[in-house]
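Worksheet: one structure, shown below.
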Amino acid sequence: MRITKLPDIAESEITPEDIFMNRRRFIEMTSGLAFAASSVDAWAQETRGPYDTDESKTPYKDITTYNNFYEFGTDKDSASRNSKNFRTQPWTISVEGFVKKPQPYTFDELIRNLTIEDRVYRMRCVEGWSMVIPWRGFELRALIKRLEPTSRARFVEFQTLYAPDQLPEQRRGFLAWPYVEGLRLDEAMNPLTILAVGLYGKPLPNPNGAPIRLVVPWKYGFKGVKSIAKIRFVDKQPVTTWMNLAPDEYGFYANVNPVVDHPRWSQATERRLGEFFKRKTLPFNGYADQVASMYSGMDLRKNF
Ligand SMILES: Nc1nc2c(c(=O)[nH]1)N[C@H]1C(S)=C(S)[C@@H](COP(=O)(O)O)O[C@H]1N2
Ligand SMILES: [Mo]
């Protein structure tokens with residue numbers, strides 16, 4: 001297998017000191033050196049950036065034990081119980097399709113010199129629960145720019161690792177494995193779209209999609225494909241796992257939309273983990289200002 005290094009970062013792209021600090025800490029922890037992690041509580045005191053919600057963060061324990069990751073089973077605690085021995089090092093991500101150099105990259109090479117940031121995002125599952133998660137990651141658009149897709153690329157498709165020896169449910173036919181998701185190129189280039197490599201300042205836990213997963217906060221959770229092993233630049237809209245299973249229930253766009261119900265239940269409200277009363281679900285999960293313009297002129301009842 002051929003592994004190529006990404007070009008060095010340009011002088012003009014050198015990141016501010018604070019982000020560099022995060023990156024340095026991140027590099028230390030991913031390379032397995034002693035990492036004096038600030039405690040989760042201390043971490044939570046850190047200041048907010050332009051993309052952060054100020055809503056209370058969901059506790060680390062809930063974020064890492066209440067998951068959908070069907071490769072490990074269908075119960076909410078399946079992933080936390082069954083993913084302990086999942087091997088995320090070494091990790092290779094294959095870049096394919098309409099892109100300057102389609103080839104495999106190691107995890108370290110893929111993320112090398114990208115600006116790693118912490119962002120607190122609201123997340124909402126199509127099942128009606130929601131969380132507030134302090135992700136650590138980088139903007140997908142930064143990676144896409146470096147990979148240089150050609151003019152034929154119109155969508156980006158992501159695939160989870162296919163490894164039935166490690167991902168027990170892949171031995172069964174419940175879903176068409178590997179898990180596939182996709183974004184239109186402009187959605188992928190939106191600054192809110194990140195590839196997460198950590199949460200609460202720690203490396204991404206296995207139940208949340210270690211070592212790298214997609215986070216698109218204005219879409220239902222199922223768009224957030226975990227443990228990504230393949231990124232493909234394609235000219236046609238990918239057929240995603242859930243569209244393939246139930247096209248009437250799960251569309252390609254999957255934008256959070258309180259007025260478009262799932263065929264079997266309402267999407268008007270949600271239950272934030274840890275809260276008793278339901279909240280009203282917001283259009284685009286509260287991110288309409290940043291993303292609604294991408295869908296102007298589209299009928300979002302048809303393009304759900
Ligand atoms: N590979 C893979 N990715 C996946 C899933 C899955 O089953 N397999 N579930 C999705 C769904 S339905 C949700 S709600 C989110 C949950 O992410 P979290 O566990 O980090 O909250 O992951 C998404 N990504
Ligand atoms: Mo979900």
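Convention: chains lettered A, B, ... in structure tokens order; per-chain residue numbering from 1; ligands numbered from 1 as shown.
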Determine which residues of region 24-199 of chain A DSSP labels as alpha helix (DSSP H) from the backbone of this structure, then write them out as a ChimeraX atom specification.
/A:24-30,40-44,60-65,78-82,107-111,140-147,185-189
Could you please extract the residues within 10 Å of ligand 2, counting only C-alpha atoms and all ligand atoms, and hand them back as a VMD selection string?
chain A and resid 67 to 69 123 to 130 219 to 224
Quick one, how far is CA of Thr240 (chain A) from atom 10 (C, counted along the ligand's line) of ligand 1?
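Those two atoms sit 11.6 Å apart.
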Can you tell me which residues surround region 131-146 of chain A at a distance of at most 9 Å, considering only C-alpha atoms, apart from same-chain residues fewer than 5 positions away, and format the answer as a PyMOL selection string?
chain A and resi 6-7+44+52-53+55-60+62-63+110-111+114-125+188-204+212+214-215+271-274
Which residue out of A:Asn208, A:Ser94, A:Thr150, A:Thr64 has the minimum interatomic distance to ligand 1 when only C-alpha atoms and all ligand atoms are used?
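Closest residue, counting only C-alpha atoms and all ligand atoms: A:Asn208.
With only C-alpha atoms as the atoms that count, the minimum distance from Gly209 (chain A) to the choices A:Phe155, A:Phe233, A:Tyr51, A:Tyr179 is reached by A:Tyr179.
Using only C-alpha atoms and all ligand atoms, the nearest neighbour of ligand 1 within the list A:Ala163, A:Val99, A:Arg112, A:Lys226 is A:Lys226.
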Run DSSP on the backbone of this structure and report the residues of region 126-254 of chain A it assigns to strand (DSSP E), as a ChimeraX atom specification.
/A:129-139,155-160,180-184,194-199,202-203,213-215,228-234
Can you list, as a short mmCIF file (atom, residue, chain, number, x, y, z; two decimals) with N, CA, C and O atoms, in the first residue's frame, every protein, DNA or RNA residue that comes within 10 Å of Ser78 (chain A) when you count only C-alpha atoms, leaving out same-chain residues fewer than 3 positions away?
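The resulting file, out28.cif, is reproduced below:
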```cif
data_model
loop_
_atom_site.label_atom_id
_atom_site.label_comp_id
_atom_site.auth_asym_id
_atom_site.auth_seq_id
_atom_site.Cartn_x
_atom_site.Cartn_y
_atom_site.Cartn_z
N THR A 65 -22.02 6.43 26.57
CA THR A 65 -22.71 5.16 26.88
C THR A 65 -24.11 5.07 26.28
O THR A 65 -24.77 4.03 26.40
N TYR A 66 -24.58 6.16 25.66
CA TYR A 66 -25.90 6.16 25.03
C TYR A 66 -25.67 6.45 23.55
O TYR A 66 -25.57 7.60 23.13
N ASN A 67 -25.51 5.39 22.76
CA ASN A 67 -25.05 5.56 21.38
C ASN A 67 -25.82 4.71 20.39
O ASN A 67 -26.34 3.66 20.75
N ASN A 68 -25.83 5.17 19.16
CA ASN A 68 -26.18 4.30 18.05
C ASN A 68 -24.90 4.00 17.29
O ASN A 68 -24.23 4.92 16.78
N PHE A 69 -24.53 2.75 17.25
CA PHE A 69 -23.36 2.30 16.48
C PHE A 69 -23.64 0.83 16.23
O PHE A 69 -23.20 -0.06 16.95
N TYR A 70 -24.48 0.61 15.19
CA TYR A 70 -25.11 -0.69 15.00
C TYR A 70 -24.11 -1.80 14.69
O TYR A 70 -24.45 -2.98 14.85
N GLU A 71 -22.90 -1.44 14.28
CA GLU A 71 -21.89 -2.47 14.06
C GLU A 71 -21.61 -3.24 15.34
O GLU A 71 -21.13 -4.37 15.32
N PHE A 72 -21.90 -2.61 16.50
CA PHE A 72 -21.64 -3.24 17.80
C PHE A 72 -22.92 -3.74 18.46
O PHE A 72 -22.88 -4.24 19.59
N GLY A 73 -24.07 -3.57 17.80
CA GLY A 73 -25.34 -4.01 18.38
C GLY A 73 -26.35 -2.89 18.38
O GLY A 73 -26.00 -1.72 18.14
N THR A 74 -27.61 -3.22 18.65
CA THR A 74 -28.67 -2.25 18.46
C THR A 74 -29.17 -1.60 19.75
O THR A 74 -30.01 -0.71 19.71
N ASP A 75 -28.68 -2.05 20.90
CA ASP A 75 -29.08 -1.38 22.15
C ASP A 75 -28.24 -0.12 22.35
O ASP A 75 -27.13 -0.02 21.82
N ARG A 81 -20.41 -1.25 25.55
CA ARG A 81 -20.07 -2.58 26.09
C ARG A 81 -19.18 -3.39 25.15
O ARG A 81 -18.32 -4.13 25.59
N ASN A 82 -19.41 -3.23 23.84
CA ASN A 82 -18.79 -4.16 22.89
C ASN A 82 -17.62 -3.59 22.07
O ASN A 82 -17.05 -4.30 21.25
N SER A 83 -17.29 -2.33 22.28
CA SER A 83 -16.27 -1.72 21.41
C SER A 83 -14.90 -1.59 22.07
O SER A 83 -14.00 -0.97 21.50
N PRO A 207 -17.08 4.20 21.27
CA PRO A 207 -18.52 4.20 21.00
C PRO A 207 -18.97 5.38 20.14
O PRO A 207 -20.02 5.33 19.50
#
```
Please identify all polymer residues within 8 Å of Ala153 (chain A), counting only C-alpha atoms, omitting same-chain residues fewer than 3 positions from it, and present them as a ChimeraX atom specification.
/A:97-99,149-150,156,185,233-235
For the selection you just gave me, I'd like the residues written to a file as a PDB file, in the first residue's frame, keeping C-alpha atoms.
```pdb
ATOM      1  CA  GLY A  97     -12.749   9.251  -6.842  1.00  0.00           C
ATOM      2  CA  PHE A  98     -12.561  12.681  -8.467  1.00  0.00           C
ATOM      3  CA  VAL A  99      -9.651  14.072  -6.510  1.00  0.00           C
ATOM      4  CA  PRO A 149     -11.267  17.484  -5.775  1.00  0.00           C
ATOM      5  CA  THR A 150     -11.677  17.883  -9.544  1.00  0.00           C
ATOM      6  CA  VAL A 156     -18.587  13.349  -0.834  1.00  0.00           C
ATOM      7  CA  LEU A 185     -20.081  19.227  -1.832  1.00  0.00           C
ATOM      8  CA  PHE A 233     -15.444  12.206  -4.206  1.00  0.00           C
ATOM      9  CA  VAL A 234     -18.257  11.277  -6.583  1.00  0.00           C
ATOM     10  CA  ASP A 235     -20.456  12.859  -9.262  1.00  0.00           C
TER      11      ASP A 235
END
```
